[in-house]
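File shown: final.txt. Contents: compact mmCIF, C-alpha atoms.
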```
# COMPACT_ATOMS: atom_id res chain seq x y z
CA MET A 814 -18.09 10.84 2.05
CA LYS A 815 -15.61 12.76 4.18
CA LYS A 816 -12.04 11.69 3.55
CA LYS A 817 -9.91 11.38 6.65
CA GLY A 818 -6.20 12.08 6.41
CA ILE A 819 -3.46 9.49 6.76
CA LEU A 820 -0.64 9.72 9.27
CA ALA A 821 2.66 8.97 7.54
CA VAL A 822 5.87 8.61 9.51
CA ILE A 823 9.01 9.18 7.48
CA SER A 824 12.32 7.94 8.82
CA GLY A 825 15.64 7.20 7.19
CA PHE A 826 19.40 7.48 7.47
CA SER A 827 20.94 10.89 7.95
CA GLY A 828 21.99 11.75 4.39
CA ALA A 829 19.14 9.83 2.73
CA GLY A 830 17.50 13.08 1.68
CA LYS A 831 14.34 12.94 3.82
CA GLY A 832 14.27 16.67 4.38
CA THR A 833 14.56 17.55 0.68
CA LEU A 834 11.97 14.91 -0.25
CA ILE A 835 9.43 16.18 2.26
CA LYS A 836 10.03 19.80 1.28
CA GLU A 837 9.48 18.92 -2.38
CA LEU A 838 6.37 16.84 -1.58
CA LEU A 839 4.84 19.77 0.27
CA GLN A 840 5.78 22.19 -2.48
CA ARG A 841 4.13 20.06 -5.16
CA HIS A 842 1.05 18.96 -3.22
CA GLY A 843 0.86 21.40 -0.31
CA GLU A 844 -2.94 21.41 -0.21
CA GLN A 845 -3.07 17.67 0.52
CA TYR A 846 -0.43 17.49 3.25
CA ALA A 847 0.36 18.96 6.63
CA LEU A 848 3.79 18.73 8.22
CA SER A 849 3.75 17.93 11.89
CA VAL A 850 5.97 20.24 13.91
CA SER A 851 7.60 18.78 17.01
CA ALA A 852 7.82 20.42 20.40
CA THR A 853 11.22 20.61 22.10
CA THR A 854 12.83 21.99 25.21
CA ARG A 855 16.13 22.71 23.47
CA SER A 856 17.02 26.30 22.61
CA PRO A 857 16.38 27.58 19.09
CA ARG A 858 19.46 27.76 16.83
CA ALA A 859 20.19 30.71 14.59
CA GLY A 860 17.52 30.97 11.89
CA GLU A 861 15.08 28.58 13.56
CA GLU A 862 11.56 29.86 14.05
CA HIS A 863 8.99 28.91 16.69
CA GLY A 864 6.25 26.90 14.97
CA ARG A 865 8.33 26.24 11.83
CA GLU A 866 11.29 24.05 12.82
CA TYR A 867 9.96 23.35 16.32
CA PHE A 868 7.63 24.62 18.98
CA PHE A 869 10.21 25.78 21.52
CA VAL A 870 8.75 25.29 25.00
CA SER A 871 9.99 25.23 28.60
CA LYS A 872 10.67 22.00 30.47
CA GLU A 873 7.66 22.72 32.68
CA ALA A 874 5.36 23.25 29.69
CA PHE A 875 6.64 20.04 28.08
CA GLU A 876 6.10 18.01 31.24
CA GLN A 877 2.60 19.41 31.52
CA MET A 878 1.90 18.17 27.96
CA ILE A 879 3.17 14.72 28.96
CA GLY A 880 0.89 14.77 32.00
CA GLU A 881 -2.12 15.78 29.91
CA ASP A 882 -1.41 13.04 27.32
CA ALA A 883 -1.10 15.81 24.74
CA LEU A 884 1.83 14.17 22.92
CA ILE A 885 1.63 11.19 20.55
CA GLU A 886 5.21 10.31 21.39
CA HIS A 887 8.11 11.92 23.13
CA ALA A 888 11.70 11.11 23.94
CA CYS A 889 14.71 12.63 25.63
CA TYR A 890 17.93 13.20 23.65
CA VAL A 891 21.05 14.75 25.15
CA GLY A 892 19.11 16.25 28.03
CA ASN A 893 16.30 17.76 25.97
CA TYR A 894 12.75 16.64 25.37
CA TYR A 895 11.33 16.19 21.85
CA GLY A 896 7.74 15.21 21.13
CA THR A 897 4.80 15.30 18.73
CA PRO A 898 1.79 17.37 19.83
CA LYS A 899 -1.36 15.31 19.32
CA SER A 900 -3.91 18.06 18.71
CA TYR A 901 -2.36 19.41 15.49
CA VAL A 902 -2.02 15.91 13.98
CA GLU A 903 -5.61 15.03 14.82
CA GLU A 904 -7.02 18.34 13.58
CA GLN A 905 -5.22 18.03 10.24
CA MET A 906 -6.30 14.41 9.74
CA GLU A 907 -9.90 15.30 10.54
CA ALA A 908 -9.67 18.10 7.95
CA GLY A 909 -8.69 15.42 5.40
CA ARG A 910 -5.01 16.30 5.14
CA ASP A 911 -2.32 13.63 5.23
CA VAL A 912 0.10 14.39 8.03
CA ILE A 913 3.84 13.91 7.57
CA LEU A 914 5.83 13.14 10.68
CA GLU A 915 9.61 13.01 10.36
CA ILE A 916 10.84 11.03 13.36
CA GLU A 917 13.20 8.21 14.37
CA ILE A 918 12.42 4.53 14.85
CA GLN A 919 11.65 4.68 18.59
CA GLY A 920 9.10 7.44 18.00
CA ALA A 921 7.74 5.67 14.92
CA ARG A 922 6.98 2.59 17.01
CA LYS A 923 5.20 4.58 19.69
CA VAL A 924 3.08 6.34 17.06
CA LYS A 925 2.14 3.00 15.46
CA GLU A 926 1.14 1.65 18.88
CA LYS A 927 -1.21 4.57 19.48
CA PHE A 928 -2.42 4.83 15.86
CA PRO A 929 -2.16 1.37 14.26
CA ASP A 930 -3.19 2.73 10.84
CA THR A 931 -0.04 4.89 10.68
CA LEU A 932 2.02 4.36 7.56
CA LEU A 933 5.72 3.82 8.35
CA LEU A 934 8.07 4.80 5.50
CA PHE A 935 11.80 4.38 5.52
CA VAL A 936 13.93 6.31 3.05
CA THR A 937 17.29 4.91 2.00
CA PRO A 938 19.86 5.82 -0.64
CA PRO A 939 20.44 3.03 -3.22
CA SER A 940 23.60 1.85 -1.42
CA ALA A 941 25.83 2.47 1.58
CA ALA A 942 28.56 3.79 -0.73
CA GLU A 943 26.11 6.37 -2.05
CA LEU A 944 25.16 7.33 1.52
CA GLU A 945 28.81 7.88 2.41
CA SER A 946 29.41 9.85 -0.78
CA ARG A 947 26.41 12.12 -0.04
CA LEU A 948 27.58 12.73 3.52
CA ARG A 949 31.12 13.55 2.30
CA GLY A 950 29.73 15.61 -0.60
CA ARG A 951 28.11 18.06 1.80
CA GLY A 952 31.66 19.11 2.66
CA THR A 953 30.47 20.57 5.96
CA GLU A 954 31.28 17.75 8.34
CA THR A 955 34.45 16.32 9.81
CA ASP A 956 35.49 12.78 9.08
CA GLU A 957 34.66 11.92 12.68
CA VAL A 958 31.08 13.17 12.30
CA ILE A 959 30.68 11.25 9.04
CA ARG A 960 31.99 8.04 10.66
CA SER A 961 29.54 8.47 13.52
CA ARG A 962 26.62 9.05 11.12
CA LEU A 963 27.52 5.90 9.20
CA LYS A 964 27.76 3.95 12.45
CA ARG A 965 24.35 5.26 13.42
CA ALA A 966 23.01 4.26 9.98
CA ALA A 967 24.27 0.70 10.51
CA GLU A 968 22.38 0.61 13.82
CA GLU A 969 19.22 2.09 12.31
CA ALA A 970 19.32 -0.39 9.41
CA GLU A 971 18.59 -3.17 11.91
CA PHE A 972 15.07 -1.75 12.26
CA MET A 973 14.22 -1.31 8.58
CA GLU A 974 11.94 -4.38 8.64
CA ASP A 975 9.71 -2.63 11.19
CA TYR A 976 8.62 -0.17 8.50
CA ASP A 977 5.74 -0.80 6.08
CA TYR A 978 7.50 0.51 2.99
CA ILE A 979 11.08 1.17 1.92
CA LEU A 980 11.60 4.04 -0.52
CA VAL A 981 14.88 4.21 -2.41
CA ASN A 982 15.91 7.81 -2.98
CA ASP A 983 18.01 7.46 -6.11
CA ASP A 984 16.46 10.25 -8.17
CA LEU A 985 14.72 13.02 -6.17
CA ASP A 986 11.95 13.63 -8.71
CA THR A 987 11.07 9.93 -9.00
CA CYS A 988 11.20 9.40 -5.27
CA VAL A 989 8.89 12.34 -4.53
CA ARG A 990 6.39 10.99 -7.07
CA GLU A 991 6.61 7.50 -5.56
CA MET A 992 6.17 8.86 -2.04
CA HIS A 993 3.11 10.83 -3.12
CA GLU A 994 1.54 7.88 -4.96
CA LEU A 995 2.28 5.58 -2.06
CA ILE A 996 0.63 7.82 0.52
CA GLN A 997 -2.34 8.58 -1.76
CA THR A 998 -3.04 4.93 -2.60
CA GLN A 999 -3.19 4.21 1.13
CA HIS A 1000 -6.54 6.00 1.13
CA PHE A 1001 -7.88 2.85 -0.55
CA ARG A 1002 -6.82 0.62 2.37
CA THR A 1003 -9.68 -1.32 3.84
CA CYS A 1004 -9.10 0.38 7.21
CA SER A 1005 -9.64 3.75 5.47
CA SER A 1006 -12.78 2.47 3.67
CA LEU A 1007 -14.83 1.12 6.58
CA GLU A 1008 -17.44 3.84 6.33
CA ARG A 1009 -17.92 3.20 2.61
CA ILE A 1010 -18.10 -0.57 3.15
CA ALA A 1011 -20.75 -0.16 5.85
CA ARG A 1012 -22.79 2.12 3.60
CA ILE A 1013 -22.73 -0.16 0.57
CA LYS A 1014 -23.63 -3.20 2.71
CA GLU A 1015 -26.61 -1.30 4.11
CA GLU A 1016 -27.69 -0.13 0.64
CA LEU A 1017 -27.45 -3.66 -0.78
CA ARG A 1018 -29.57 -5.01 2.06
CA CYS A 1019 -32.24 -2.38 1.35
CA LEU A 1020 -32.42 -2.81 -2.43
CA MET B 168 18.61 -6.05 -8.10
CA LYS B 169 16.08 -8.35 -9.71
CA LYS B 170 12.50 -7.21 -9.20
CA LYS B 171 10.05 -10.00 -8.40
CA GLY B 172 6.46 -9.64 -9.54
CA ILE B 173 3.51 -9.11 -7.23
CA LEU B 174 0.47 -11.37 -7.16
CA ALA B 175 -2.69 -9.25 -7.18
CA VAL B 176 -6.11 -10.82 -6.69
CA ILE B 177 -8.96 -8.72 -8.04
CA SER B 178 -12.49 -9.46 -6.87
CA GLY B 179 -15.66 -7.44 -6.91
CA PHE B 180 -19.40 -7.47 -7.50
CA SER B 181 -20.69 -8.64 -10.84
CA GLY B 182 -21.30 -5.32 -12.60
CA ALA B 183 -18.47 -3.49 -10.83
CA GLY B 184 -16.48 -3.39 -14.06
CA LYS B 185 -13.56 -5.68 -13.09
CA GLY B 186 -13.25 -7.13 -16.59
CA THR B 187 -13.08 -3.74 -18.31
CA LEU B 188 -10.64 -2.40 -15.71
CA ILE B 189 -8.28 -5.34 -16.08
CA LYS B 190 -8.48 -5.23 -19.88
CA GLU B 191 -7.63 -1.52 -19.83
CA LEU B 192 -4.81 -2.03 -17.30
CA LEU B 193 -3.24 -4.67 -19.55
CA GLN B 194 -3.69 -2.51 -22.62
CA ARG B 195 -1.95 0.46 -21.02
CA HIS B 196 0.81 -1.41 -19.18
CA GLY B 197 0.89 -4.84 -20.85
CA GLU B 198 4.66 -5.21 -20.44
CA GLN B 199 4.41 -5.00 -16.64
CA TYR B 200 1.51 -7.41 -16.10
CA ALA B 201 0.50 -10.98 -16.82
CA LEU B 202 -3.09 -12.16 -16.57
CA SER B 203 -3.49 -15.53 -14.91
CA VAL B 204 -5.72 -17.87 -16.94
CA SER B 205 -7.77 -20.39 -14.97
CA ALA B 206 -8.18 -24.06 -15.79
CA THR B 207 -11.70 -25.47 -15.93
CA THR B 208 -13.51 -28.70 -16.70
CA ARG B 209 -16.55 -26.92 -18.15
CA SER B 210 -17.05 -26.90 -21.92
CA PRO B 211 -15.95 -23.85 -23.90
CA ARG B 212 -18.76 -21.48 -24.92
CA ALA B 213 -19.02 -19.95 -28.38
CA GLY B 214 -16.08 -17.60 -28.98
CA GLU B 215 -14.03 -18.84 -26.04
CA GLU B 216 -10.49 -19.89 -26.79
CA HIS B 217 -8.29 -22.44 -24.98
CA GLY B 218 -5.56 -20.50 -23.15
CA ARG B 219 -7.33 -17.15 -23.47
CA GLU B 220 -10.57 -17.34 -21.43
CA TYR B 221 -9.63 -20.65 -19.80
CA PHE B 222 -7.51 -23.72 -20.15
CA PHE B 223 -10.22 -26.26 -20.96
CA VAL B 224 -9.18 -29.61 -19.51
CA SER B 225 -10.77 -32.98 -18.74
CA LYS B 226 -11.90 -33.95 -15.27
CA GLU B 227 -9.06 -36.50 -15.13
CA ALA B 228 -6.43 -33.91 -16.08
CA PHE B 229 -7.82 -31.48 -13.50
CA GLU B 230 -7.78 -34.08 -10.73
CA GLN B 231 -4.22 -34.97 -11.66
CA MET B 232 -3.27 -31.27 -11.22
CA ILE B 233 -4.92 -31.31 -7.79
CA GLY B 234 -2.97 -34.46 -6.89
CA GLU B 235 0.31 -32.90 -8.02
CA ASP B 236 -0.35 -29.68 -6.05
CA ALA B 237 -0.15 -27.85 -9.36
CA LEU B 238 -3.01 -25.44 -8.51
CA ILE B 239 -2.81 -22.44 -6.17
CA GLU B 240 -6.52 -22.76 -5.48
CA HIS B 241 -9.45 -24.61 -6.96
CA ALA B 242 -13.17 -24.91 -6.37
CA CYS B 243 -16.19 -26.68 -7.75
CA TYR B 244 -19.14 -24.64 -9.10
CA VAL B 245 -22.27 -26.21 -10.57
CA GLY B 246 -20.52 -29.53 -11.15
CA ASN B 247 -17.37 -28.11 -12.78
CA TYR B 248 -13.88 -27.54 -11.47
CA TYR B 249 -12.16 -24.16 -11.71
CA GLY B 250 -8.60 -23.52 -10.57
CA THR B 251 -5.43 -21.43 -10.89
CA PRO B 252 -2.38 -23.24 -12.32
CA LYS B 253 0.60 -22.50 -10.12
CA SER B 254 3.43 -22.78 -12.67
CA TYR B 255 2.32 -19.87 -14.90
CA VAL B 256 1.87 -17.54 -11.92
CA GLU B 257 5.27 -18.42 -10.47
CA GLU B 258 7.06 -18.13 -13.82
CA GLN B 259 5.60 -14.69 -14.48
CA MET B 260 6.40 -13.42 -10.99
CA GLU B 261 9.97 -14.70 -11.29
CA ALA B 262 10.23 -12.85 -14.62
CA GLY B 263 9.31 -9.66 -12.74
CA ARG B 264 5.77 -9.31 -14.03
CA ASP B 265 2.87 -8.55 -11.71
CA VAL B 266 0.24 -11.25 -12.03
CA ILE B 267 -3.45 -10.38 -12.05
CA LEU B 268 -5.82 -13.04 -10.79
CA GLU B 269 -9.56 -12.37 -11.12
CA ILE B 270 -11.22 -14.72 -8.64
CA GLU B 271 -13.89 -14.80 -5.92
CA ILE B 272 -13.47 -14.46 -2.18
CA GLN B 273 -13.08 -18.18 -1.37
CA GLY B 274 -10.27 -18.47 -3.92
CA ALA B 275 -8.75 -15.17 -2.77
CA ARG B 276 -8.47 -16.51 0.77
CA LYS B 277 -6.81 -19.73 -0.35
CA VAL B 278 -4.30 -17.77 -2.44
CA LYS B 279 -3.48 -15.50 0.52
CA GLU B 280 -2.94 -18.57 2.72
CA LYS B 281 -0.42 -20.03 0.27
CA PHE B 282 1.16 -16.68 -0.71
CA PRO B 283 0.80 -14.30 2.25
CA ASP B 284 2.26 -11.41 0.24
CA THR B 285 -0.66 -11.53 -2.20
CA LEU B 286 -2.42 -8.20 -2.63
CA LEU B 287 -6.21 -8.53 -2.31
CA LEU B 288 -8.18 -5.83 -4.17
CA PHE B 289 -11.92 -5.46 -4.15
CA VAL B 290 -13.62 -3.35 -6.83
CA THR B 291 -16.95 -1.72 -6.06
CA PRO B 292 -19.17 0.81 -7.83
CA PRO B 293 -19.70 4.02 -5.82
CA SER B 294 -23.12 2.84 -4.58
CA ALA B 295 -25.59 -0.05 -4.69
CA ALA B 296 -27.96 2.10 -6.79
CA GLU B 297 -25.16 2.56 -9.33
CA LEU B 298 -24.51 -1.20 -9.34
CA GLU B 299 -28.19 -1.90 -10.05
CA SER B 300 -28.29 0.75 -12.75
CA ARG B 301 -25.21 -0.75 -14.46
CA LEU B 302 -26.68 -4.25 -14.35
CA ARG B 303 -29.99 -2.98 -15.80
CA GLY B 304 -28.19 -0.80 -18.32
CA ARG B 305 -26.64 -3.84 -19.96
CA GLY B 306 -30.17 -4.63 -21.15
CA THR B 307 -29.20 -8.26 -21.65
CA GLU B 308 -30.45 -9.82 -18.45
CA THR B 309 -33.91 -10.61 -17.06
CA ASP B 310 -35.13 -8.97 -13.90
CA GLU B 311 -34.73 -12.32 -12.14
CA VAL B 312 -31.05 -12.56 -13.08
CA ILE B 313 -30.47 -8.97 -11.95
CA ARG B 314 -32.19 -9.65 -8.60
CA SER B 315 -30.03 -12.72 -8.08
CA ARG B 316 -26.83 -10.79 -8.90
CA LEU B 317 -27.78 -8.09 -6.40
CA LYS B 318 -28.52 -10.75 -3.78
CA ARG B 319 -25.12 -12.29 -4.46
CA ALA B 320 -23.50 -8.82 -4.18
CA ALA B 321 -25.11 -8.38 -0.73
CA GLU B 322 -23.59 -11.73 0.32
CA GLU B 323 -20.17 -10.87 -1.13
CA ALA B 324 -20.17 -7.46 0.58
CA GLU B 325 -19.94 -9.26 3.93
CA PHE B 326 -16.36 -10.23 2.99
CA MET B 327 -15.11 -6.83 1.80
CA GLU B 328 -13.11 -6.33 5.03
CA ASP B 329 -11.02 -9.39 4.15
CA TYR B 330 -9.43 -7.47 1.27
CA ASP B 331 -6.39 -5.22 1.62
CA TYR B 332 -7.70 -2.39 -0.56
CA ILE B 333 -11.10 -1.24 -1.81
CA LEU B 334 -11.13 0.47 -5.21
CA VAL B 335 -14.18 2.52 -6.16
CA ASN B 336 -14.85 2.29 -9.87
CA ASP B 337 -16.64 5.56 -10.48
CA ASP B 338 -14.66 6.74 -13.50
CA LEU B 339 -12.90 4.00 -15.53
CA ASP B 340 -9.87 6.09 -16.44
CA THR B 341 -9.26 7.20 -12.84
CA CYS B 342 -9.81 3.71 -11.47
CA VAL B 343 -7.34 2.11 -13.91
CA ARG B 344 -4.73 4.69 -12.93
CA GLU B 345 -5.38 4.09 -9.23
CA MET B 346 -5.18 0.31 -9.68
CA HIS B 347 -1.88 0.63 -11.51
CA GLU B 348 -0.39 3.01 -8.92
CA LEU B 349 -1.62 0.81 -6.10
CA ILE B 350 -0.04 -2.35 -7.50
CA GLN B 351 3.20 -0.57 -8.45
CA THR B 352 3.68 1.07 -5.05
CA GLN B 353 3.39 -2.39 -3.47
CA HIS B 354 6.86 -3.07 -4.85
CA PHE B 355 8.10 -0.78 -2.06
CA ARG B 356 6.57 -2.99 0.65
CA THR B 357 9.08 -4.18 3.18
CA CYS B 358 8.30 -7.81 2.23
CA SER B 359 9.30 -6.97 -1.36
CA SER B 360 12.47 -5.17 -0.20
CA LEU B 361 14.09 -7.82 1.99
CA GLU B 362 16.94 -8.46 -0.44
CA ARG B 363 17.72 -4.74 -0.64
CA ILE B 364 17.54 -4.36 3.15
CA ALA B 365 19.93 -7.30 3.66
CA ARG B 366 22.36 -5.85 1.14
CA ILE B 367 22.44 -2.35 2.64
CA LYS B 368 22.86 -3.77 6.17
CA GLU B 369 25.80 -5.82 4.96
CA GLU B 370 27.33 -2.84 3.13
CA LEU B 371 26.97 -0.59 6.18
CA ARG B 372 28.66 -3.19 8.39
CA CYS B 373 31.59 -3.33 5.95
CA LEU B 374 32.13 0.41 5.52
```

Starting from the file, lay out its structure as structure tokens.
Amino acid sequence: MKKKGILAVISGFSGAGKGTLIKELLQRHGEQYALSVSATTRSPRAGEEHGREYFFVSKEAFEQMIGEDALIEHACYVGNYYGTPKSYVEEQMEAGRDVILEIEIQGARKVKEKFPDTLLLFVTPPSAAELESRLRGRGTETDEVIRSRLKRAAEEAEFMEDYDYILVNDDLDTCVREMHELIQTQHFRTCSSLERIARIKEELRCL
Amino acid sequence: MKKKGILAVISGFSGAGKGTLIKELLQRHGEQYALSVSATTRSPRAGEEHGREYFFVSKEAFEQMIGEDALIEHACYVGNYYGTPKSYVEEQMEAGRDVILEIEIQGARKVKEKFPDTLLLFVTPPSAAELESRLRGRGTETDEVIRSRLKRAAEEAEFMEDYDYILVNDDLDTCVREMHELIQTQHFRTCSSLERIARIKEELRCL
């Protein structure tokens, strides 16, 4: 029986360690996962590569994708478009790979509307104090930036209940293992087993 | 933060290997699980022990439990009552242990009504042919009994979609591992994380 991939949205506070978790998940189990790359109209920053961090496209090209319903979700931030191309996600899922989509709550909701079987994961540090300490520990951001990230986190926390699962990133190694087990066990969901159920019903009728 | 146990209902075709799976799960991870023992008014069979296979009680005692709402679910089969005492399940969950309840679909539904967070698992062999071969392989049952079990399986299969997860018991070792991972990852469900979510929201507001 052909296994179809799962679409897993991963959100979480800035500083929760989503990026590191996803990188580690892909390094350990790369053959099972595909990372969705977003399209954007913003300019590439130093070191960013087309097709790796983002697909960098023109405003016209982006609006054409919207018109052709080629995006699962899209949004506008600070004058630039960001969105998730549908074809790559669908191709990877059909090939049996679980697709990881790192997006914010608004996007997560739109994805869940279009694909109700999407798994919504929210990553949080064990406490707010730990979040603040991680943000300060980076040593790269001003106090003002840190305050604004914490304010944003407080706003985002109001939507945590909209997610299916909450992963606490206390220890990276443990959290990567939990994330992997969580996504993999979702293959046993009834909605992922409908083909098998139909087959066994038919076989039992014919015995 | 105190971890509350999960209530996991395990159903499946006769011959699917539920009993062996549960026994193995408890042997490997006994400290994390508690097996719910049903109460019944039927007489103990040879080798059965009060409190191990069942709590053997009188009809009067059983009806008193019904009257006191002391059962999560109960049903009558072939003139005898069977039911799940509520107190043991609640005590074990409060103590942080995940409670395994091996019951049929009608009971599973009643449990889910009373405890909406209950996890409903259905165990199936990989195919109907494999189910038949396992039932015949036991060598202890007449052809008539086997036919009636297969007929029952065909009836039960109609309710597979009512379960949350479908576990295929192809290889015992793999299936026990999957069952354990599945139950354990359910601790990350949003409904199991409400206390943590409330705490982090509060902390972020106070930063």

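For the set A:Ser900, A:Gln919, A:Ser940, A:Asn982, the residue with the smallest atom-to-atom gap to chain B is A:Ser940, counting all atoms listed in the file.
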
Counting only C-alpha atoms, collect the residues of chain B whose closest atom lies at most 10 Å from chain A, and write them out as a ChimeraX atom specification.
/B:288-289,291-296,298-299,314,317-335,345-361,363-374

Using only C-alpha atoms, please write the residues we just selected to a file, as a tab-separated table (two decimals), in the coordinates of the input.
```
chain	number	residue	atom	x	y	z
B	288	LEU	CA	-8.18	-5.83	-4.17
B	289	PHE	CA	-11.92	-5.46	-4.15
B	291	THR	CA	-16.95	-1.72	-6.06
B	292	PRO	CA	-19.17	0.81	-7.83
B	293	PRO	CA	-19.70	4.02	-5.82
B	294	SER	CA	-23.12	2.84	-4.58
B	295	ALA	CA	-25.59	-0.05	-4.69
B	296	ALA	CA	-27.96	2.10	-6.79
B	298	LEU	CA	-24.51	-1.20	-9.34
B	299	GLU	CA	-28.19	-1.90	-10.05
B	314	ARG	CA	-32.19	-9.65	-8.60
B	317	LEU	CA	-27.78	-8.09	-6.40
B	318	LYS	CA	-28.52	-10.75	-3.78
B	319	ARG	CA	-25.12	-12.29	-4.46
B	320	ALA	CA	-23.50	-8.82	-4.18
B	321	ALA	CA	-25.11	-8.38	-0.73
B	322	GLU	CA	-23.59	-11.73	0.32
B	323	GLU	CA	-20.17	-10.87	-1.13
B	324	ALA	CA	-20.17	-7.46	0.58
B	325	GLU	CA	-19.94	-9.26	3.93
B	326	PHE	CA	-16.36	-10.23	2.99
B	327	MET	CA	-15.11	-6.83	1.80
B	328	GLU	CA	-13.11	-6.33	5.03
B	329	ASP	CA	-11.02	-9.39	4.15
B	330	TYR	CA	-9.43	-7.47	1.27
B	331	ASP	CA	-6.39	-5.22	1.62
B	332	TYR	CA	-7.70	-2.39	-0.56
B	333	ILE	CA	-11.10	-1.24	-1.81
B	334	LEU	CA	-11.13	0.47	-5.21
B	335	VAL	CA	-14.18	2.52	-6.16
B	345	GLU	CA	-5.38	4.09	-9.23
B	346	MET	CA	-5.18	0.31	-9.68
B	347	HIS	CA	-1.88	0.63	-11.51
B	348	GLU	CA	-0.39	3.01	-8.92
B	349	LEU	CA	-1.62	0.81	-6.10
B	350	ILE	CA	-0.04	-2.35	-7.50
B	351	GLN	CA	3.20	-0.57	-8.45
B	352	THR	CA	3.68	1.07	-5.05
B	353	GLN	CA	3.39	-2.39	-3.47
B	354	HIS	CA	6.86	-3.07	-4.85
B	355	PHE	CA	8.10	-0.78	-2.06
B	356	ARG	CA	6.57	-2.99	0.65
B	357	THR	CA	9.08	-4.18	3.18
B	358	CYS	CA	8.30	-7.81	2.23
B	359	SER	CA	9.30	-6.97	-1.36
B	360	SER	CA	12.47	-5.17	-0.20
B	361	LEU	CA	14.09	-7.82	1.99
B	363	ARG	CA	17.72	-4.74	-0.64
B	364	ILE	CA	17.54	-4.36	3.15
B	365	ALA	CA	19.93	-7.30	3.66
B	366	ARG	CA	22.36	-5.85	1.14
B	367	ILE	CA	22.44	-2.35	2.64
B	368	LYS	CA	22.86	-3.77	6.17
B	369	GLU	CA	25.80	-5.82	4.96
B	370	GLU	CA	27.33	-2.84	3.13
B	371	LEU	CA	26.97	-0.59	6.18
B	372	ARG	CA	28.66	-3.19	8.39
B	373	CYS	CA	31.59	-3.33	5.95
B	374	LEU	CA	32.13	0.41	5.52
```

With 8 Å on each side, where is the centre of the axis-aligned box around all listed atoms of stretch 903-910 of chain A, and how long are its edges in Å to one decimal, as lines of an AutoDock Vina configuration file?
```
center_x = -7.5
center_y = 16.4
center_z = 10.0
size_x = 20.9
size_y = 19.9
size_z = 25.7
```

Hey, what's within 9 Å of A:Glu915 if we count all atoms listed in the file and toss same-chain stuff fewer than 5 positions away? As JSON, numbers by chain, please?
{"A": [821, 822, 823, 824, 825, 831, 832, 835, 848, 849, 850, 921]}

In Å, how far is it from atom CA of A:Leu820 to atom CA of A:Glu844?
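Straight-line distance from atom CA of A:Leu820 to atom CA of A:Glu844 works out to 15.2 Å.
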
Give me, please, the distance in Å between atom CA of A:Glu957 and atom CA of A:Glu943, quoted to one decimal.
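Calculated distance between atom CA of A:Glu957 and atom CA of A:Glu943 is 17.9 Å.
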
For a quick check of understanding, using all atoms listed in the file, which of A:Arg990, A:Arg865, A:Arg947, A:His887 has the smallest distance to A:Gly830?
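Smallest separation from A:Gly830 among the options: A:Arg947.
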
Contact residues around A:Met906 with only C-alpha atoms at 7 Å, ignoring same-chain residues under 4 positions, as a list in words
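The filter keeps Lys817, Gly818, Ile819, Val902, Arg910, Asp911 and Val912 of chain A.
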